[in-house]
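Everything below concerns the one structure shown next.
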Amino acid sequence: GEPMDEQSVNRRPVAVMLNDLKAAQPQLGVSQADILYEVPAEGGITRMLAVFQSLDGVGNLGSIRSVRAYYLELVLGHDALLVHAGGSPEAYADIPAWGVDNLDGVNGGSDAKIFWRDAQRRKTAGYEHSMLTSGQNISDYLALGHFRTEHAAGYSYPQTFAADGTPQSGTPAAHVSLRYSNYKTATFDYDAASRTYLVGQYGGAYLDGNTGEQVGVTNVLALETSISVIPGDTAGRLSVRLTGSGSGTFFCGGKSIPIRWSKASRNASLVYALENGSPLALGQGRSYVCIFSPKSSALTVSE
């Protein structure tokens, strides 16, 4: 929601798939993402999709992990370029079928040149948690012209913003906790000094390994949907409904308000509205979007 120069307005964002296992912390580059999506994956874990409108000044990014089909729907909603390392069989079938422009660190051929394995992470966290890239590497590769870097004709992002997005009729919400599973809980504690929610996980602060600082976001959106195990998937991978509509909660400025979300199609953007149907204005700043099933996860809010 903040002003950009004219050259950046029509630039396609870059969406990066990030590992969120405890062993893979700290993640790198997350404090500079415009939007962080967190969605459950198999086995009670979550993964994150970090969306960057600009990679200018963004350092190392990672660790990079594999993509699932429902993350592709989020990528398409932003007309974004996807950076990932591998994917589920379903995702690999959908990437060409759905026309997802992607840079793959596992089966990407020449694309793999933008990635590297961090020696220290290989030693302390394991090989699967060691793949990194950087904002500069991605930008340099995109400059070669392999992909469209401007938005497709007719694309628009319908979200509106306000200098202060605090819901006037909201209820106090200084402390927010979303228990995705027995393994993962995300917390958001409002900090009046910075006017942001400070993010926590695994019983501590959610840190950006590039800076050592705790991630803070202006907006938190908790979106409810249906999530189920894909029939016959031996790894227990999930199906997450993102098209259609559902309920949610918006947090900004230490207050919360019920909302509705909708996504008209696979390629459409997520749209947020108040319960009366009026568009929801987010606060200018970074956003953290939690997507979960109320049947398997628990959202709690306190003053």
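Chain lettering (A, B, ...) mirrors the order of the structure tokens, residue numbering begins at 1 for each chain separately, and ligand numbering begins at 1 in order of display.
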Report task. Tell me which protein, DNA and RNA residues are within 6 Å of range 84-94 of chain A, counting only C-alpha atoms, leaving out same-chain ones fewer than 2 positions away, and put them as an MDAnalysis selection string. Result -> chainID A and resid 17 64:69 96:98 104:106
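The spacing separating CA of Thr243 in chain A from CA of Gly62 in chain A amounts to 28.1 Å.
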Query - Shell around Ile291 in chain A at 7 Å using only C-alpha atoms, local window under 4 positions removed, as number ranges by chain - result: A: 38-39, 222-224
Requested in this report: Run DSSP on the backbone of this structure and report the residues of range 20-83 of chain A it assigns to alpha helix (DSSP H), as a ChimeraX atom specification.
Outcome: /A:69-77
Counting only C-alpha atoms, give me one row per residue of range 15-56 of chain A with an atom at most 8 Å from an atom of range 174-193 of chain A, showing the shortest contact pair and its distance in Å to one decimal, sorted by chain then residue number, as CSV.
residue,atom,partner,partner_atom,distance
A:Pro40,CA,A:Tyr180,CA,7.2
A:Gly44,CA,A:Ser181,CA,5.4
A:Ile45,CA,A:Lys184,CA,6.4
A:Thr46,CA,A:Lys184,CA,7.3
Requested in this report: Show which residues sit within 8 Å of Ser262 in chain A, as a VMD selection string. Count only C-alpha atoms, and ignore same-chain residues fewer than 2 positions away.
Outcome: chain A and resid 243 to 246 260 264 270 to 272
Store the residues picked out above, limited to all heavy atoms, as a PDB file, in the first residue's frame.
ATOM      1  N   THR A 243     -10.376 -21.402  -3.691  1.00  0.00           N
ATOM      2  CA  THR A 243     -11.394 -20.727  -4.483  1.00  0.00           C
ATOM      3  C   THR A 243     -12.717 -20.748  -3.732  1.00  0.00           C
ATOM      4  O   THR A 243     -12.931 -21.570  -2.850  1.00  0.00           O
ATOM      5  CB  THR A 243     -11.561 -21.393  -5.851  1.00  0.00           C
ATOM      6  OG1 THR A 243     -11.835 -22.781  -5.663  1.00  0.00           O
ATOM      7  CG2 THR A 243     -10.307 -21.231  -6.685  1.00  0.00           C
ATOM      8  N   GLY A 244     -13.581 -19.818  -4.073  1.00  0.00           N
ATOM      9  CA  GLY A 244     -14.831 -19.679  -3.340  1.00  0.00           C
ATOM     10  C   GLY A 244     -14.716 -18.581  -2.311  1.00  0.00           C
ATOM     11  O   GLY A 244     -14.107 -17.535  -2.553  1.00  0.00           O
ATOM     12  N   SER A 245     -15.278 -18.812  -1.141  1.00  0.00           N
ATOM     13  CA  SER A 245     -15.266 -17.789  -0.099  1.00  0.00           C
ATOM     14  C   SER A 245     -15.279 -18.434   1.279  1.00  0.00           C
ATOM     15  O   SER A 245     -15.499 -19.640   1.409  1.00  0.00           O
ATOM     16  CB  SER A 245     -16.468 -16.847  -0.245  1.00  0.00           C
ATOM     17  OG  SER A 245     -17.681 -17.570  -0.116  1.00  0.00           O
ATOM     18  N   GLY A 246     -15.049 -17.615   2.298  1.00  0.00           N
ATOM     19  CA  GLY A 246     -15.044 -18.126   3.660  1.00  0.00           C
ATOM     20  C   GLY A 246     -14.936 -17.006   4.680  1.00  0.00           C
ATOM     21  O   GLY A 246     -14.853 -15.823   4.325  1.00  0.00           O
ATOM     22  N   ARG A 260     -14.792 -11.422   5.565  1.00  0.00           N
ATOM     23  CA  ARG A 260     -15.034 -12.479   4.596  1.00  0.00           C
ATOM     24  C   ARG A 260     -13.926 -12.431   3.545  1.00  0.00           C
ATOM     25  O   ARG A 260     -13.463 -11.347   3.176  1.00  0.00           O
ATOM     26  CB  ARG A 260     -16.384 -12.287   3.901  1.00  0.00           C
ATOM     27  CG  ARG A 260     -17.586 -12.322   4.830  1.00  0.00           C
ATOM     28  CD  ARG A 260     -17.888 -13.730   5.297  1.00  0.00           C
ATOM     29  NE  ARG A 260     -18.244 -14.605   4.195  1.00  0.00           N
ATOM     30  CZ  ARG A 260     -18.447 -15.925   4.335  1.00  0.00           C
ATOM     31  NH1 ARG A 260     -18.316 -16.509   5.522  1.00  0.00           N
ATOM     32  NH2 ARG A 260     -18.770 -16.670   3.269  1.00  0.00           N
ATOM     33  N   ALA A 264     -12.242 -15.732  -6.714  1.00  0.00           N
ATOM     34  CA  ALA A 264     -13.213 -16.103  -7.734  1.00  0.00           C
ATOM     35  C   ALA A 264     -12.774 -17.287  -8.582  1.00  0.00           C
ATOM     36  O   ALA A 264     -13.614 -18.032  -9.095  1.00  0.00           O
ATOM     37  CB  ALA A 264     -13.507 -14.899  -8.622  1.00  0.00           C
ATOM     38  N   LEU A 270      -6.964 -12.987  -3.970  1.00  0.00           N
ATOM     39  CA  LEU A 270      -7.780 -13.027  -2.771  1.00  0.00           C
ATOM     40  C   LEU A 270      -8.362 -11.635  -2.538  1.00  0.00           C
ATOM     41  O   LEU A 270      -7.651 -10.624  -2.655  1.00  0.00           O
ATOM     42  CB  LEU A 270      -6.945 -13.439  -1.561  1.00  0.00           C
ATOM     43  CG  LEU A 270      -6.757 -14.937  -1.340  1.00  0.00           C
ATOM     44  CD1 LEU A 270      -5.645 -15.179  -0.321  1.00  0.00           C
ATOM     45  CD2 LEU A 270      -8.051 -15.596  -0.865  1.00  0.00           C
ATOM     46  N   VAL A 271      -9.651 -11.589  -2.210  1.00  0.00           N
ATOM     47  CA  VAL A 271     -10.340 -10.329  -1.951  1.00  0.00           C
ATOM     48  C   VAL A 271     -10.894 -10.377  -0.539  1.00  0.00           C
ATOM     49  O   VAL A 271     -11.484 -11.379  -0.123  1.00  0.00           O
ATOM     50  CB  VAL A 271     -11.474 -10.099  -2.970  1.00  0.00           C
ATOM     51  CG1 VAL A 271     -12.265  -8.841  -2.630  1.00  0.00           C
ATOM     52  CG2 VAL A 271     -10.907 -10.001  -4.385  1.00  0.00           C
ATOM     53  N   TYR A 272     -10.709  -9.286   0.200  1.00  0.00           N
ATOM     54  CA  TYR A 272     -11.159  -9.219   1.585  1.00  0.00           C
ATOM     55  C   TYR A 272     -12.253  -8.174   1.731  1.00  0.00           C
ATOM     56  O   TYR A 272     -12.172  -7.080   1.157  1.00  0.00           O
ATOM     57  CB  TYR A 272      -9.994  -8.865   2.504  1.00  0.00           C
ATOM     58  CG  TYR A 272      -8.787  -9.759   2.320  1.00  0.00           C
ATOM     59  CD1 TYR A 272      -7.570  -9.251   1.860  1.00  0.00           C
ATOM     60  CD2 TYR A 272      -8.861 -11.130   2.582  1.00  0.00           C
ATOM     61  CE1 TYR A 272      -6.472 -10.065   1.675  1.00  0.00           C
ATOM     62  CE2 TYR A 272      -7.775 -11.956   2.407  1.00  0.00           C
ATOM     63  CZ  TYR A 272      -6.576 -11.422   1.953  1.00  0.00           C
ATOM     64  OH  TYR A 272      -5.489 -12.238   1.765  1.00  0.00           O
TER      65      TYR A 272
END
With only C-alpha atoms counted and 10 Å as the cut-off, give the residues of range 79-132 of chain A in contact with range 145-148 of chain A, each with its shortest interatomic distance in Å and the pair that gives it, as a Markdown table.
| residue | atom | partner | partner_atom | distance |
| --- | --- | --- | --- | --- |
| A:Ala80 | CA | A:Arg148 | CA | 9.9 |
| A:Leu81 | CA | A:Phe147 | CA | 8.3 |
| A:Asp101 | CA | A:Phe147 | CA | 7.0 |
| A:Asn102 | CA | A:Phe147 | CA | 8.8 |
| A:Leu103 | CA | A:Phe147 | CA | 9.9 |
Residues just named, written with C-alpha atoms as an mmCIF file, in the first residue's frame:
data_model
loop_
_atom_site.group_PDB
_atom_site.id
_atom_site.type_symbol
_atom_site.label_atom_id
_atom_site.label_comp_id
_atom_site.auth_asym_id
_atom_site.auth_seq_id
_atom_site.Cartn_x
_atom_site.Cartn_y
_atom_site.Cartn_z
ATOM 1 C CA ALA A 80 3.910 -13.741 -9.622
ATOM 2 C CA LEU A 81 7.073 -15.617 -10.569
ATOM 3 C CA ASP A 101 6.421 -19.327 -14.418
ATOM 4 C CA ASN A 102 8.883 -20.898 -11.996
ATOM 5 C CA LEU A 103 12.538 -21.244 -11.052
#
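Nearest residue to Glu303 in chain A, choosing from A:Ser265, A:Thr171, A:Gln27, A:Asn276 and counting only C-alpha atoms: A:Thr171.
Closest to Ser296 in chain A among A:Leu18, A:Val229, A:Leu61, A:Val9 is A:Val229, based on only C-alpha atoms.
The environment of range 121-126 of chain A within 10 Å, counting only C-alpha atoms and disregarding residues fewer than 4 places along the same chain, consists of Lys22, Ala23, Ala24, Gln25, Ser63, Arg117, Ser130, Met131 and Leu132 of chain A.
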With all heavy atoms kept, could you save the residues just selected as a PDB file, in the first residue's frame?
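result28.pdb, freshly written:
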ATOM      1  N   LYS A  22      11.259 -26.260  12.366  1.00  0.00           N
ATOM      2  CA  LYS A  22      12.066 -25.685  13.446  1.00  0.00           C
ATOM      3  C   LYS A  22      13.555 -25.838  13.162  1.00  0.00           C
ATOM      4  O   LYS A  22      14.356 -24.930  13.424  1.00  0.00           O
ATOM      5  CB  LYS A  22      11.708 -26.344  14.780  1.00  0.00           C
ATOM      6  CG  LYS A  22      12.370 -25.702  15.983  1.00  0.00           C
ATOM      7  CD  LYS A  22      11.879 -26.316  17.285  1.00  0.00           C
ATOM      8  CE  LYS A  22      12.506 -25.606  18.490  1.00  0.00           C
ATOM      9  NZ  LYS A  22      12.027 -26.217  19.764  1.00  0.00           N
ATOM     10  N   ALA A  23      13.937 -26.982  12.582  1.00  0.00           N
ATOM     11  CA  ALA A  23      15.349 -27.237  12.298  1.00  0.00           C
ATOM     12  C   ALA A  23      15.910 -26.293  11.250  1.00  0.00           C
ATOM     13  O   ALA A  23      17.133 -26.140  11.146  1.00  0.00           O
ATOM     14  CB  ALA A  23      15.534 -28.681  11.838  1.00  0.00           C
ATOM     15  N   ALA A  24      15.034 -25.664  10.471  1.00  0.00           N
ATOM     16  CA  ALA A  24      15.485 -24.810   9.372  1.00  0.00           C
ATOM     17  C   ALA A  24      15.568 -23.341   9.754  1.00  0.00           C
ATOM     18  O   ALA A  24      15.893 -22.500   8.920  1.00  0.00           O
ATOM     19  CB  ALA A  24      14.548 -24.968   8.181  1.00  0.00           C
ATOM     20  N   GLN A  25      15.260 -23.006  11.002  1.00  0.00           N
ATOM     21  CA  GLN A  25      15.314 -21.607  11.433  1.00  0.00           C
ATOM     22  C   GLN A  25      16.754 -21.165  11.661  1.00  0.00           C
ATOM     23  O   GLN A  25      17.598 -21.983  12.006  1.00  0.00           O
ATOM     24  CB  GLN A  25      14.488 -21.434  12.708  1.00  0.00           C
ATOM     25  CG  GLN A  25      13.044 -21.876  12.594  1.00  0.00           C
ATOM     26  CD  GLN A  25      12.287 -21.156  11.502  1.00  0.00           C
ATOM     27  OE1 GLN A  25      12.359 -19.935  11.367  1.00  0.00           O
ATOM     28  NE2 GLN A  25      11.557 -21.920  10.700  1.00  0.00           N
ATOM     29  N   SER A  63      15.500 -21.051   4.015  1.00  0.00           N
ATOM     30  CA  SER A  63      15.858 -22.062   3.033  1.00  0.00           C
ATOM     31  C   SER A  63      14.658 -22.366   2.128  1.00  0.00           C
ATOM     32  O   SER A  63      13.512 -22.290   2.552  1.00  0.00           O
ATOM     33  CB  SER A  63      16.347 -23.341   3.713  1.00  0.00           C
ATOM     34  OG  SER A  63      15.358 -23.926   4.526  1.00  0.00           O
ATOM     35  N   ARG A 117      23.863 -24.472  -2.013  1.00  0.00           N
ATOM     36  CA  ARG A 117      23.716 -25.171  -0.734  1.00  0.00           C
ATOM     37  C   ARG A 117      24.654 -24.509   0.282  1.00  0.00           C
ATOM     38  O   ARG A 117      25.861 -24.443   0.067  1.00  0.00           O
ATOM     39  CB  ARG A 117      24.066 -26.652  -0.879  1.00  0.00           C
ATOM     40  CG  ARG A 117      23.100 -27.423  -1.754  1.00  0.00           C
ATOM     41  CD  ARG A 117      21.819 -27.762  -1.041  1.00  0.00           C
ATOM     42  NE  ARG A 117      20.882 -28.499  -1.900  1.00  0.00           N
ATOM     43  CZ  ARG A 117      19.688 -28.921  -1.507  1.00  0.00           C
ATOM     44  NH1 ARG A 117      19.278 -28.668  -0.269  1.00  0.00           N
ATOM     45  NH2 ARG A 117      18.896 -29.564  -2.335  1.00  0.00           N
ATOM     46  N   SER A 130      19.187 -26.742   3.400  1.00  0.00           N
ATOM     47  CA  SER A 130      20.359 -25.921   3.118  1.00  0.00           C
ATOM     48  C   SER A 130      20.289 -25.099   1.833  1.00  0.00           C
ATOM     49  O   SER A 130      21.205 -24.341   1.536  1.00  0.00           O
ATOM     50  CB  SER A 130      21.616 -26.815   3.053  1.00  0.00           C
ATOM     51  OG  SER A 130      21.550 -27.706   1.951  1.00  0.00           O
ATOM     52  N   MET A 131      19.219 -25.245   1.047  1.00  0.00           N
ATOM     53  CA  MET A 131      19.185 -24.548  -0.236  1.00  0.00           C
ATOM     54  C   MET A 131      18.807 -23.081  -0.064  1.00  0.00           C
ATOM     55  O   MET A 131      17.777 -22.751   0.535  1.00  0.00           O
ATOM     56  CB  MET A 131      18.222 -25.214  -1.209  1.00  0.00           C
ATOM     57  CG  MET A 131      18.165 -24.504  -2.567  1.00  0.00           C
ATOM     58  SD  MET A 131      17.376 -25.480  -3.854  1.00  0.00           S
ATOM     59  CE  MET A 131      18.699 -26.640  -4.235  1.00  0.00           C
ATOM     60  N   LEU A 132      19.631 -22.187  -0.625  1.00  0.00           N
ATOM     61  CA  LEU A 132      19.408 -20.748  -0.551  1.00  0.00           C
ATOM     62  C   LEU A 132      19.459 -20.147  -1.950  1.00  0.00           C
ATOM     63  O   LEU A 132      19.957 -20.745  -2.899  1.00  0.00           O
ATOM     64  CB  LEU A 132      20.479 -20.073   0.316  1.00  0.00           C
ATOM     65  CG  LEU A 132      20.693 -20.563   1.746  1.00  0.00           C
ATOM     66  CD1 LEU A 132      21.775 -19.723   2.421  1.00  0.00           C
ATOM     67  CD2 LEU A 132      19.398 -20.532   2.547  1.00  0.00           C
TER      68      LEU A 132
END
Query raised in the report: Among range 15-215 of chain A, which residues carry a DSSP assignment of strand (DSSP E or B), reported as a ChimeraX atom specification?
Result: /A:15-19,27-28,35-40,46-52,60-62,64,67,81-84,87,102-104,116-117,131-134,150,160-162,171-172,175-179,185-191,196-201,204-205,207-208,214
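Ranking A:Ile259, A:Ala15, A:Val199, A:Ile230 by their shortest atom-to-atom distance to Gly277 in chain A, with only C-alpha atoms included, puts A:Ile259 first.
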